[in-house]
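Participant: Below is the file entry_37.cif, which contains mmCIF, C-alpha atoms.
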```
data_coords
loop_
_atom_site.label_atom_id
_atom_site.label_comp_id
_atom_site.auth_asym_id
_atom_site.auth_seq_id
_atom_site.Cartn_x
_atom_site.Cartn_y
_atom_site.Cartn_z
CA ARG A 1 -121.84 -36.27 -81.76
CA ASP A 2 -125.36 -37.73 -82.06
CA LEU A 3 -125.16 -41.22 -80.58
CA THR A 4 -126.70 -44.20 -82.35
CA GLY A 5 -127.77 -47.52 -80.87
CA THR A 6 -124.48 -49.17 -81.83
CA ASP A 7 -122.44 -46.35 -80.27
CA GLY A 8 -124.35 -46.68 -77.01
CA GLU A 9 -127.12 -44.44 -75.78
CA ASN A 10 -128.15 -42.37 -72.77
CA PRO A 11 -124.73 -41.44 -71.35
CA THR A 12 -125.14 -40.62 -67.66
CA GLY A 13 -121.67 -39.87 -66.28
CA GLY A 14 -119.17 -37.16 -67.05
CA LEU A 15 -116.33 -37.38 -69.55
CA VAL A 16 -112.70 -37.56 -68.43
CA GLN A 17 -109.71 -36.44 -70.49
CA HIS A 18 -106.76 -38.83 -70.67
CA THR A 19 -103.14 -37.83 -71.24
CA ASP A 20 -103.61 -38.92 -74.88
CA GLY A 21 -105.97 -35.96 -75.34
CA PHE A 22 -109.11 -38.04 -75.91
CA LEU A 23 -112.22 -37.81 -73.77
CA TYR A 24 -113.53 -41.12 -72.39
CA GLY A 25 -116.97 -41.99 -71.06
CA LEU A 26 -119.75 -44.54 -70.59
CA ALA A 27 -123.18 -44.91 -72.17
CA TYR A 28 -125.90 -46.50 -70.06
CA GLY A 29 -127.57 -48.51 -72.82
CA GLY A 30 -127.25 -49.55 -76.41
CA GLY A 31 -124.18 -51.06 -77.99
CA ALA A 32 -123.83 -54.47 -79.57
CA HIS A 33 -125.27 -56.30 -76.54
CA GLY A 34 -127.69 -53.69 -75.22
CA GLY A 35 -125.83 -53.13 -71.95
CA GLY A 36 -124.06 -49.88 -72.75
CA THR A 37 -120.63 -48.93 -74.08
CA PHE A 38 -117.25 -47.50 -73.20
CA PHE A 39 -116.17 -44.91 -75.75
CA LYS A 40 -113.72 -42.17 -76.60
CA ILE A 41 -114.22 -38.93 -78.49
CA SER A 42 -111.71 -36.38 -79.69
CA THR A 43 -112.11 -32.69 -78.97
CA ALA A 44 -112.91 -32.33 -82.67
CA GLY A 45 -115.81 -34.80 -82.37
CA ALA A 46 -114.31 -38.03 -83.78
CA PHE A 47 -116.19 -40.76 -81.88
CA THR A 48 -115.02 -44.35 -81.31
CA PRO A 49 -116.94 -47.02 -79.36
CA LEU A 50 -114.24 -49.11 -77.67
CA TYR A 51 -116.17 -51.75 -75.73
CA ALA A 52 -119.74 -53.01 -75.58
CA PHE A 53 -120.88 -54.41 -72.24
CA THR A 54 -122.41 -57.88 -72.11
CA PRO A 55 -124.74 -57.67 -69.10
CA ASP A 56 -124.69 -61.38 -68.20
CA THR A 57 -120.91 -61.48 -67.81
CA ASP A 58 -119.30 -58.02 -67.67
CA GLY A 59 -122.13 -56.15 -66.07
CA GLY A 60 -124.24 -53.59 -67.85
CA TYR A 61 -125.97 -50.24 -67.64
CA PRO A 62 -123.21 -48.07 -66.15
CA ASP A 63 -124.69 -45.12 -64.28
CA GLY A 64 -121.54 -43.04 -63.80
CA GLY A 65 -118.27 -42.20 -65.48
CA VAL A 66 -114.78 -43.66 -65.66
CA ILE A 67 -111.70 -42.34 -63.87
CA VAL A 68 -108.12 -42.33 -65.17
CA SER A 69 -105.66 -43.99 -62.82
CA SER A 70 -101.91 -43.51 -62.54
CA ASP A 71 -101.37 -46.82 -64.38
CA GLY A 72 -102.93 -45.27 -67.49
CA ASN A 73 -106.03 -47.47 -67.34
CA LEU A 74 -109.60 -46.38 -66.72
CA TYR A 75 -111.87 -47.70 -63.98
CA GLY A 76 -115.62 -47.68 -63.53
CA MET A 77 -118.75 -49.54 -62.43
CA THR A 78 -121.94 -50.96 -63.90
CA SER A 79 -125.22 -50.72 -62.03
CA ASP A 80 -126.48 -54.18 -63.02
CA GLY A 81 -125.43 -57.49 -64.53
CA GLY A 82 -122.22 -59.37 -63.94
CA PRO A 83 -121.73 -62.75 -62.22
CA ASN A 84 -124.40 -62.02 -59.60
CA PHE A 85 -126.57 -59.75 -61.79
CA LEU A 86 -126.09 -56.96 -59.21
CA GLY A 87 -123.44 -54.74 -60.80
CA THR A 88 -119.68 -54.81 -61.27
CA ALA A 89 -116.46 -52.83 -60.97
CA PHE A 90 -114.06 -53.00 -63.91
CA LYS A 91 -110.81 -51.86 -65.49
CA VAL A 92 -110.52 -51.01 -69.18
CA THR A 93 -107.60 -49.86 -71.29
CA THR A 94 -107.63 -47.00 -73.78
CA SER A 95 -107.86 -49.59 -76.55
CA GLY A 96 -110.91 -51.27 -74.98
CA THR A 97 -109.42 -54.34 -73.25
CA PHE A 98 -111.82 -55.11 -70.39
CA THR A 99 -111.05 -56.73 -67.01
CA LEU A 100 -113.69 -57.55 -64.41
CA LEU A 101 -112.54 -56.50 -60.92
CA ALA A 102 -115.57 -57.29 -58.76
CA GLY A 103 -119.10 -58.59 -59.01
CA PHE A 104 -121.33 -57.10 -56.32
CA ASN A 105 -123.27 -59.68 -54.35
CA GLY A 106 -126.08 -57.83 -52.60
CA ALA A 107 -125.70 -59.64 -49.27
CA THR A 108 -122.46 -58.07 -48.01
CA LEU A 109 -120.96 -55.69 -50.56
CA GLY A 110 -124.32 -54.36 -51.69
CA ASN A 111 -125.55 -53.85 -55.22
CA THR A 112 -126.53 -51.24 -57.80
CA PRO A 113 -123.62 -48.80 -57.64
CA TYR A 114 -124.14 -45.34 -59.08
CA GLU A 115 -121.61 -42.69 -60.09
CA SER A 116 -117.88 -43.49 -60.11
CA LEU A 117 -115.02 -45.08 -58.25
CA VAL A 118 -112.38 -42.94 -56.58
CA ARG A 119 -108.72 -43.90 -56.27
CA GLY A 120 -107.29 -43.26 -52.82
CA THR A 121 -103.81 -42.04 -52.04
CA ASP A 122 -103.06 -45.64 -51.01
CA SER A 123 -103.75 -46.72 -54.64
CA ALA A 124 -106.88 -48.68 -53.61
CA PHE A 125 -110.26 -47.92 -55.16
CA TYR A 126 -113.24 -46.87 -53.05
CA GLY A 127 -116.93 -46.58 -53.84
CA THR A 128 -120.50 -47.00 -52.69
CA THR A 129 -123.43 -49.22 -53.58
CA SER A 130 -126.90 -47.77 -53.36
CA ASN A 131 -128.66 -50.89 -52.16
CA GLY A 132 -128.03 -54.24 -50.47
CA GLY A 133 -125.33 -54.73 -47.89
CA GLY A 134 -125.62 -56.39 -44.49
CA ASN A 135 -128.93 -54.64 -43.84
CA ARG A 136 -130.34 -55.63 -47.23
CA TYR A 137 -131.75 -52.29 -48.33
CA TYR A 138 -129.45 -49.38 -47.47
CA GLY A 139 -126.20 -49.93 -49.35
CA ALA A 140 -122.53 -50.14 -48.44
CA ILE A 141 -119.07 -48.60 -48.80
CA PHE A 142 -116.36 -50.86 -50.24
CA LYS A 143 -112.65 -50.95 -51.06
CA ILE A 144 -110.90 -52.75 -53.93
CA CYS A 145 -107.21 -53.44 -53.42
CA ALA A 146 -104.94 -55.95 -55.18
CA GLY A 147 -107.94 -57.75 -56.65
CA ASN A 148 -109.78 -58.11 -53.34
CA THR A 149 -113.04 -56.34 -52.55
CA THR A 150 -113.73 -55.68 -48.87
CA LEU A 151 -116.62 -54.11 -46.99
CA LEU A 152 -115.84 -50.90 -45.08
CA HIS A 153 -119.30 -49.91 -43.90
CA THR A 154 -122.89 -51.10 -44.12
CA PHE A 155 -125.61 -48.44 -43.97
CA ASP A 156 -128.49 -49.17 -41.63
CA GLY A 157 -130.88 -46.29 -42.24
CA THR A 158 -130.35 -44.62 -38.87
CA THR A 159 -126.97 -43.25 -39.99
CA GLY A 160 -127.96 -42.83 -43.62
CA GLY A 161 -128.90 -45.02 -46.54
CA ASN A 162 -128.90 -45.43 -50.32
CA PRO A 163 -125.85 -43.37 -51.33
CA LYS A 164 -125.96 -42.37 -55.00
CA GLY A 165 -122.90 -40.17 -55.39
CA SER A 166 -119.17 -40.76 -55.57
CA LEU A 167 -116.91 -40.44 -52.56
CA LEU A 168 -114.38 -37.62 -52.24
CA GLN A 169 -110.99 -38.11 -50.59
CA ALA A 170 -110.13 -34.77 -49.04
CA SER A 171 -106.65 -33.39 -48.42
CA ASN A 172 -106.77 -34.83 -44.87
CA GLY A 173 -106.99 -38.35 -46.33
CA ILE A 174 -110.57 -38.93 -45.15
CA PHE A 175 -113.41 -39.79 -47.52
CA TYR A 176 -116.63 -37.77 -47.60
CA GLY A 177 -120.01 -38.52 -49.13
CA THR A 178 -123.79 -38.22 -48.96
CA THR A 179 -126.71 -40.58 -48.52
CA GLU A 180 -130.03 -39.96 -50.20
CA ILE A 181 -132.20 -41.12 -47.30
CA GLY A 182 -131.90 -42.13 -43.67
CA GLY A 183 -130.45 -40.28 -40.75
CA THR A 184 -132.34 -38.77 -37.84
CA ASN A 185 -134.97 -37.17 -40.08
CA ASN A 186 -134.90 -39.72 -42.91
CA ALA A 187 -133.89 -36.86 -45.21
CA GLY A 188 -130.33 -37.98 -45.92
CA THR A 189 -126.92 -37.32 -44.42
CA ASN A 190 -123.46 -35.98 -45.02
CA PHE A 191 -120.78 -38.34 -43.70
CA LYS A 192 -117.08 -39.08 -43.50
CA ILE A 193 -115.25 -42.40 -43.35
CA THR A 194 -111.62 -43.29 -42.85
CA LYS A 195 -109.67 -45.77 -44.96
CA SER A 196 -110.01 -48.27 -42.13
CA GLY A 197 -113.81 -47.91 -42.02
CA THR A 198 -114.49 -45.54 -39.10
CA TYR A 199 -117.77 -43.90 -40.08
CA THR A 200 -119.14 -40.60 -38.75
CA VAL A 201 -122.31 -38.70 -39.60
CA LEU A 202 -121.46 -35.02 -40.03
CA LYS A 203 -124.94 -33.72 -40.73
CA ASN A 204 -128.44 -35.12 -40.56
CA LEU A 205 -130.44 -33.17 -43.12
CA THR A 206 -133.80 -31.91 -41.93
CA GLY A 207 -135.66 -31.25 -45.18
CA ALA A 208 -137.19 -28.07 -43.78
CA THR A 209 -134.25 -25.66 -43.86
CA ASP A 210 -131.24 -27.43 -45.35
CA GLY A 211 -132.80 -29.64 -48.00
CA GLU A 212 -133.22 -33.38 -48.29
CA TYR A 213 -132.41 -36.44 -50.43
CA PRO A 214 -128.95 -35.53 -51.77
CA ASN A 215 -127.80 -37.77 -54.61
CA GLY A 216 -124.64 -36.05 -55.83
CA SER A 217 -121.02 -35.99 -54.78
CA PRO A 218 -119.21 -33.58 -52.47
CA ILE A 219 -116.34 -31.35 -53.56
CA GLN A 220 -113.60 -29.74 -51.49
CA GLY A 221 -113.42 -25.97 -51.45
CA THR A 222 -110.24 -23.92 -51.58
CA ASP A 223 -110.72 -23.17 -47.87
#
```
Will you turn the file into structure tokens for me?

Facilitator:
Amino acid sequence: RDLTGTDGENPTGGLVQHTDGFLYGLAYGGGAHGGGTFFKISTAGAFTPLYAFTPDTDGGYPDGGVIVSSDGNLYGMTSDGGPNFLGTAFKVTTSGTFTLLAGFNGATLGNTPYESLVRGTDSAFYGTTSNGGGNRYYGAIFKICAGNTTLLHTFDGTTGGNPKGSLLQASNGIFYGTTEIGGTNNAGTNFKITKSGTYTVLKNLTGATDGEYPNGSPIQGTD
């Protein structure tokens, strides 16, 4: 499918296949209001735009994908716009009915989330913001449960900052992630955090031998 401006443009996240067989995703820009779209596409290429983001109210410019939850709905984030113009988290049905879950505020919850939410085994949603938070510049980790958004961790630079990937909940129930900058060498970190917010740096990247500035998401190996 070649996207047009009305379909949305510049999709940045991955597609996810629902139990109905369709693939669902987000486009960063375009659409009826210029803030991106939520769409579905069949495996044969039949494309349907389902929702066009209105940046001033819904949020706009999603920079990740949607996830399918056990309730059959899809969940995602926008990197900008919304009630505070700092990004949002949302729920959307397969027919395109949109519900705003959270408007990021910069000061405590952070702002400008990238990538995607993850649903924990406790049915709450977890994610990161790349900026803002209690230290203004380094981002935060948050939890959304029963309509309430709470802060789990504020990055301060020394233990990492500016996460740009999704979290992973491993088989031990703990969440893992990366930060693009910060840490001992200001080259980024690998970290873990519990559901209650206990945060631990696992690795301070050095830049010289093990790389620097990670901006993706971890995966769990078969071992």

Participant: May I have the residues within 10 Å of Gly197 in chain A as a list of chain:residue names, using all atoms listed in the file and disregarding those fewer than 2 positions away in the same chain?

Facilitator: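 Returned residues: A:Ile141, A:Phe142, A:Lys143, A:Leu151, A:Leu152, A:His153, A:Thr154, A:Phe175, A:Lys192, A:Ile193, A:Thr194, A:Lys195, A:Tyr199, A:Thr200.
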
Participant: Separation of CA of Gly34 in chain A and CA of Gly96 in chain A, in Å?

Facilitator: 17.0 Å

Participant: Just how far from CA of Ala140 in chain A is CA of Phe104 in chain A, in Å to one decimal?

Facilitator: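 Distance between the two atoms: 10.6 Å.
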
Participant: For the file shown, report as a PyMOL selection string the outcome of the PyMOL selection byres ((chain A and resi 8-13) around 12) at residue level.

Facilitator: chain A and resi 1-7+14-16+24-40+47-53+60-67+76-79+114-117+165-166+216

Participant: Rounded to one decimal place, report the CA of Gly211 in chain A-CA of Tyr176 in chain A distance in Å.

Facilitator: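 Going from CA of Gly211 in chain A over to CA of Tyr176 in chain A, I get 18.1 Å.
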
Participant: Report as number ranges by chain the residues that result from applying the PyMOL selection byres ((chain A and resi 82) around 12) to the structure here.

Facilitator: A: 35, 53-62, 77-81, 83-90, 99-105, 111-112
